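Novice: After the structure tokens below, expect a handful of questions from me.
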Amino acid sequence: MDDDLLYLVQGTVRPDYRKKMPVQGNHMAKLVTFIEKEFILNQVQKTGSRVVVFGSGKSVDGRIKSFDKEILCLSTKAIDAEAFVTWDQVSVFLSYQSQRVTFPGKIRKVEGGEIFIVLPENLFKAPQRKAVRVAPPKDLKLEFFMQNERIRIECPESSEYSELEMPALSVGFDTASISGLLDSFKTISSTMYSKSGIVMFNKIRKPEGVEERLVADIGRTLLLTSMQSPLPATDPYPEGRIITQSMADAFEGPSVFLEGSALERSRAEKSTLGIVSELYCPILYYQYVVGYVYLMNDSTRKTCLDYRTVDYAWEFSHILAYSLKVNNYFKLVEGQEPDPYRPQVVNLSSGGCLLSMPKNAFKVKLKHGAVLDIKVSRSENEVPAVTMKGRIARRFDDRENEYYGVAFLLAEQDALVSLRQSLYADDSARFACDEASLEL
């Protein structure tokens, strides 16, 4: 391996190095329990509190007339109810003792001044969104482009797409230039690890060995705390940084049962050479794994690497990737116009959207923080298209689809006004579109 490294440095461990693990904020809406659900609806009906319903380009307020386990009947003015039709998807808001409650529903039927709404299993309380979500208009089209679409790099592609941004600095790397960055990494690492270095991939230098192939395929850090212990069973990082034992087992596949684990054989061989602990951290350029950071302790420094090492390598690798970007290390492909991705829009607001992509057609997972170029248009010719950027704020999946919550960024005011007019009734003249200021 030493021939492949840009450099190797010797050193001792710096005892005062510490770094806190990341903390994930909790801004998700909270579920209302089954017992609370019936109690709250009873109280809202008894007090005659206002209920506000948002549909695509329309809204109405009314009072609860009746409800059962499946249907809520809302009483309102007949002229206002006429805007809604059977199977319209709506967002419903109500309030009990200053606690805002919301749920998505569907219109079952409209009769005069009565709107019958299908009740979902769950209601939610304390949402923290900046804008009310509604079902997209039927003629709405949303397309997005990933930031890397005009770049072609002859390096391995991982299964995840990350954003290229300068991370928060805590270690003390010299970020003024790439050469200064590399020198500072060499100097700092020499006080912490037996050996350290960088391996860069290209069309000639491909991943070799099970460790490199693991990192190149998954795009996460391989932490070998010792040559005897298994890989971590869980990933403590909310955004996903490390390769767990189950990921490694899935990568090696059924051949493990016939031939044994290649990773275990490699670790056994390294143990006989005096290697105590290793780390391979990918250098991610969007979804491309352009190389990796290598850190190791051997018999000259018998200290096991841990999550502090993961933090250290992660910070350096992201600074290096960002520096490669700003210095145009990888050139754009001239004259190449990328094809847009066209997801299903589950819901939409003036502040963001929830998108769905089928797993069998969209292989790359978008990581938290990834930035997309987004274009929203309507089939009506007089409605101008809205272009903006969006950042992935959350991700979840089911058996068939990946879902991405996207927060819109840097949208021009005219674009926001156009979008609000498409989504809300009379540009929300009757009701505030901000959930935090919606009066009920």
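Each chain in the structure tokens gets a letter, A, B and so on, in the order shown; residues start at 1 in every chain, and ligands are counted from 1 in the order they appear.
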Give me the residues within 9 Å of Thr175 of chain A as a list in words, counting only C-alpha atoms and dropping any in the same chain fewer than 4 places off.
Specialist: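 Counting only the stated atoms, we get Gly180, Leu181, Ser184, Ile319, Leu320 and Ser323 of chain A.
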Novice: Take the residues from that selection and put them in a file with N, CA and C atoms, as a PDB file, in the first residue's frame.
Specialist:
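In the end it all went to again-v9.pdb:
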ATOM      1  N   GLY A 180      -1.019  23.880   1.192  1.00  0.00           N
ATOM      2  CA  GLY A 180      -1.030  24.173   2.614  1.00  0.00           C
ATOM      3  C   GLY A 180      -1.916  23.210   3.384  1.00  0.00           C
ATOM      4  N   LEU A 181      -3.041  22.838   2.774  1.00  0.00           N
ATOM      5  CA  LEU A 181      -3.952  21.879   3.402  1.00  0.00           C
ATOM      6  C   LEU A 181      -3.269  20.529   3.589  1.00  0.00           C
ATOM      7  N   SER A 184      -0.595  20.731   6.304  1.00  0.00           N
ATOM      8  CA  SER A 184      -1.146  20.789   7.659  1.00  0.00           C
ATOM      9  C   SER A 184      -1.705  19.431   8.076  1.00  0.00           C
ATOM     10  N   ILE A 319     -12.888  19.104   3.342  1.00  0.00           N
ATOM     11  CA  ILE A 319     -12.154  20.320   2.972  1.00  0.00           C
ATOM     12  C   ILE A 319     -11.385  20.090   1.674  1.00  0.00           C
ATOM     13  N   LEU A 320     -10.758  18.923   1.540  1.00  0.00           N
ATOM     14  CA  LEU A 320      -9.992  18.619   0.336  1.00  0.00           C
ATOM     15  C   LEU A 320     -10.898  18.561  -0.887  1.00  0.00           C
ATOM     16  N   SER A 323     -11.910  22.013  -1.837  1.00  0.00           N
ATOM     17  CA  SER A 323     -10.775  22.721  -2.438  1.00  0.00           C
ATOM     18  C   SER A 323     -10.553  22.285  -3.881  1.00  0.00           C
TER      19      SER A 323
END
Novice: Which neighbours of Glu239 of chain A fall inside 10 Å, counting only C-alpha atoms, when residues of the same chain fewer than 3 positions from it are skipped, and could you give them as a list in words?
Specialist: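 In the requested form, the answer reads Pro22, Gln24, Asp235, Pro236, Ile242, Lys367, His368, Gly369, Arg394 and Arg395 of chain A.
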Novice: For the selection you just gave me, I'd like the residues written to a file as a compact mmCIF listing (two decimals), in the first residue's frame, keeping C-alpha atoms.
Specialist:
# COMPACT_ATOMS: atom_id res chain seq x y z
CA PRO A 22 -22.84 15.48 16.06
CA GLN A 24 -29.35 15.81 15.47
CA ASP A 235 -23.89 4.23 12.67
CA PRO A 236 -24.05 6.99 15.33
CA ILE A 242 -19.50 4.78 8.52
CA LYS A 367 -27.77 12.52 1.25
CA HIS A 368 -28.93 15.09 3.76
CA GLY A 369 -27.69 18.54 2.70
CA ARG A 394 -34.69 14.65 5.24
CA ARG A 395 -34.90 11.24 3.61
Novice: Using backbone DSSP assignments, extract all helix (DSSP H, G or I) residues from segment 97-243 of chain A; output them as a PyMOL selection string.
Specialist: chain A and resi 178-189+209-218
Novice: Output C-alpha atoms for every residue in that selection, as a short mmCIF file (atom, residue, chain, number, x, y, z; two decimals), in the first residue's frame.
Specialist:
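As a result, selection_5.cif now contains:
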data_model
loop_
_atom_site.label_atom_id
_atom_site.label_comp_id
_atom_site.auth_asym_id
_atom_site.auth_seq_id
_atom_site.Cartn_x
_atom_site.Cartn_y
_atom_site.Cartn_z
CA ILE A 178 -4.33 22.77 -1.43
CA SER A 179 -0.60 22.49 -0.76
CA GLY A 180 -1.03 24.17 2.61
CA LEU A 181 -3.95 21.88 3.40
CA LEU A 182 -1.91 18.77 2.61
CA ASP A 183 1.05 20.01 4.65
CA SER A 184 -1.15 20.79 7.66
CA PHE A 185 -2.76 17.35 7.43
CA LYS A 186 0.68 15.76 7.37
CA THR A 187 1.85 17.80 10.35
CA ILE A 188 -1.24 17.24 12.51
CA SER A 189 -1.47 13.55 11.65
CA GLY A 209 -8.37 -5.08 -2.04
CA VAL A 210 -11.59 -5.55 -0.11
CA GLU A 211 -11.15 -2.41 2.01
CA GLU A 212 -10.77 -0.05 -0.96
CA ARG A 213 -13.60 -1.74 -2.83
CA LEU A 214 -15.89 -1.41 0.19
CA VAL A 215 -15.18 2.30 0.58
CA ALA A 216 -15.50 2.97 -3.17
CA ASP A 217 -18.81 1.14 -3.47
CA ILE A 218 -20.57 2.43 -0.35
#
Novice: Env of Gln344 of chain A: 12 Å cut, atoms = only C-alpha atoms, seq-sep filter 5 positions within chain, self excluded. Answer as a compact mmCIF listing (two decimals) with C-alpha atoms, in the first residue's frame.
Specialist:
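What ended up in result18.txt:
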# COMPACT_ATOMS: atom_id res chain seq x y z
CA ALA A 135 -51.17 18.58 -2.89
CA PRO A 136 -49.60 19.77 -6.16
CA LYS A 138 -52.67 18.41 -11.45
CA LEU A 140 -47.72 20.95 -12.19
CA LYS A 141 -44.37 19.59 -13.37
CA LEU A 142 -41.26 19.56 -11.20
CA GLU A 143 -37.81 18.71 -12.54
CA PHE A 144 -34.44 18.71 -10.83
CA CYS A 353 -41.67 19.91 -1.16
CA LEU A 354 -41.75 16.17 -0.60
CA LEU A 355 -40.54 14.17 -3.60
CA SER A 356 -40.76 10.47 -4.36
CA MET A 357 -38.38 8.52 -6.62
CA PRO A 358 -38.73 4.80 -7.48
CA ASN A 401 -39.63 4.41 -3.23
CA GLU A 402 -37.17 6.88 -1.74
CA TYR A 403 -38.75 10.04 -0.31
CA TYR A 404 -36.93 13.37 -0.03
Novice: For segment 94-118 of chain A against segment 54-70 of chain A, with a cut-off of 12 Å and counting only C-alpha atoms, what is the closest atom pair and its distance in Å to one decimal for every residue that makes the cut, ordered by chain and number, as CSV?
Specialist:
residue,atom,partner,partner_atom,distance
A:Leu94,CA,A:Arg63,CA,9.7
A:Ser95,CA,A:Arg63,CA,11.7
A:Thr102,CA,A:Phe54,CA,10.9
A:Phe103,CA,A:Phe54,CA,10.8
A:Pro104,CA,A:Phe54,CA,9.6
A:Gly105,CA,A:Gly55,CA,9.9
A:Lys106,CA,A:Gly55,CA,9.6
A:Ile107,CA,A:Gly55,CA,9.8
A:Arg108,CA,A:Glu70,CA,10.3
A:Gly113,CA,A:Gly62,CA,9.3
A:Glu114,CA,A:Lys65,CA,8.4
A:Ile115,CA,A:Gly62,CA,9.2
A:Phe116,CA,A:Phe67,CA,9.1
A:Ile117,CA,A:Glu70,CA,8.5
A:Val118,CA,A:Glu70,CA,5.8
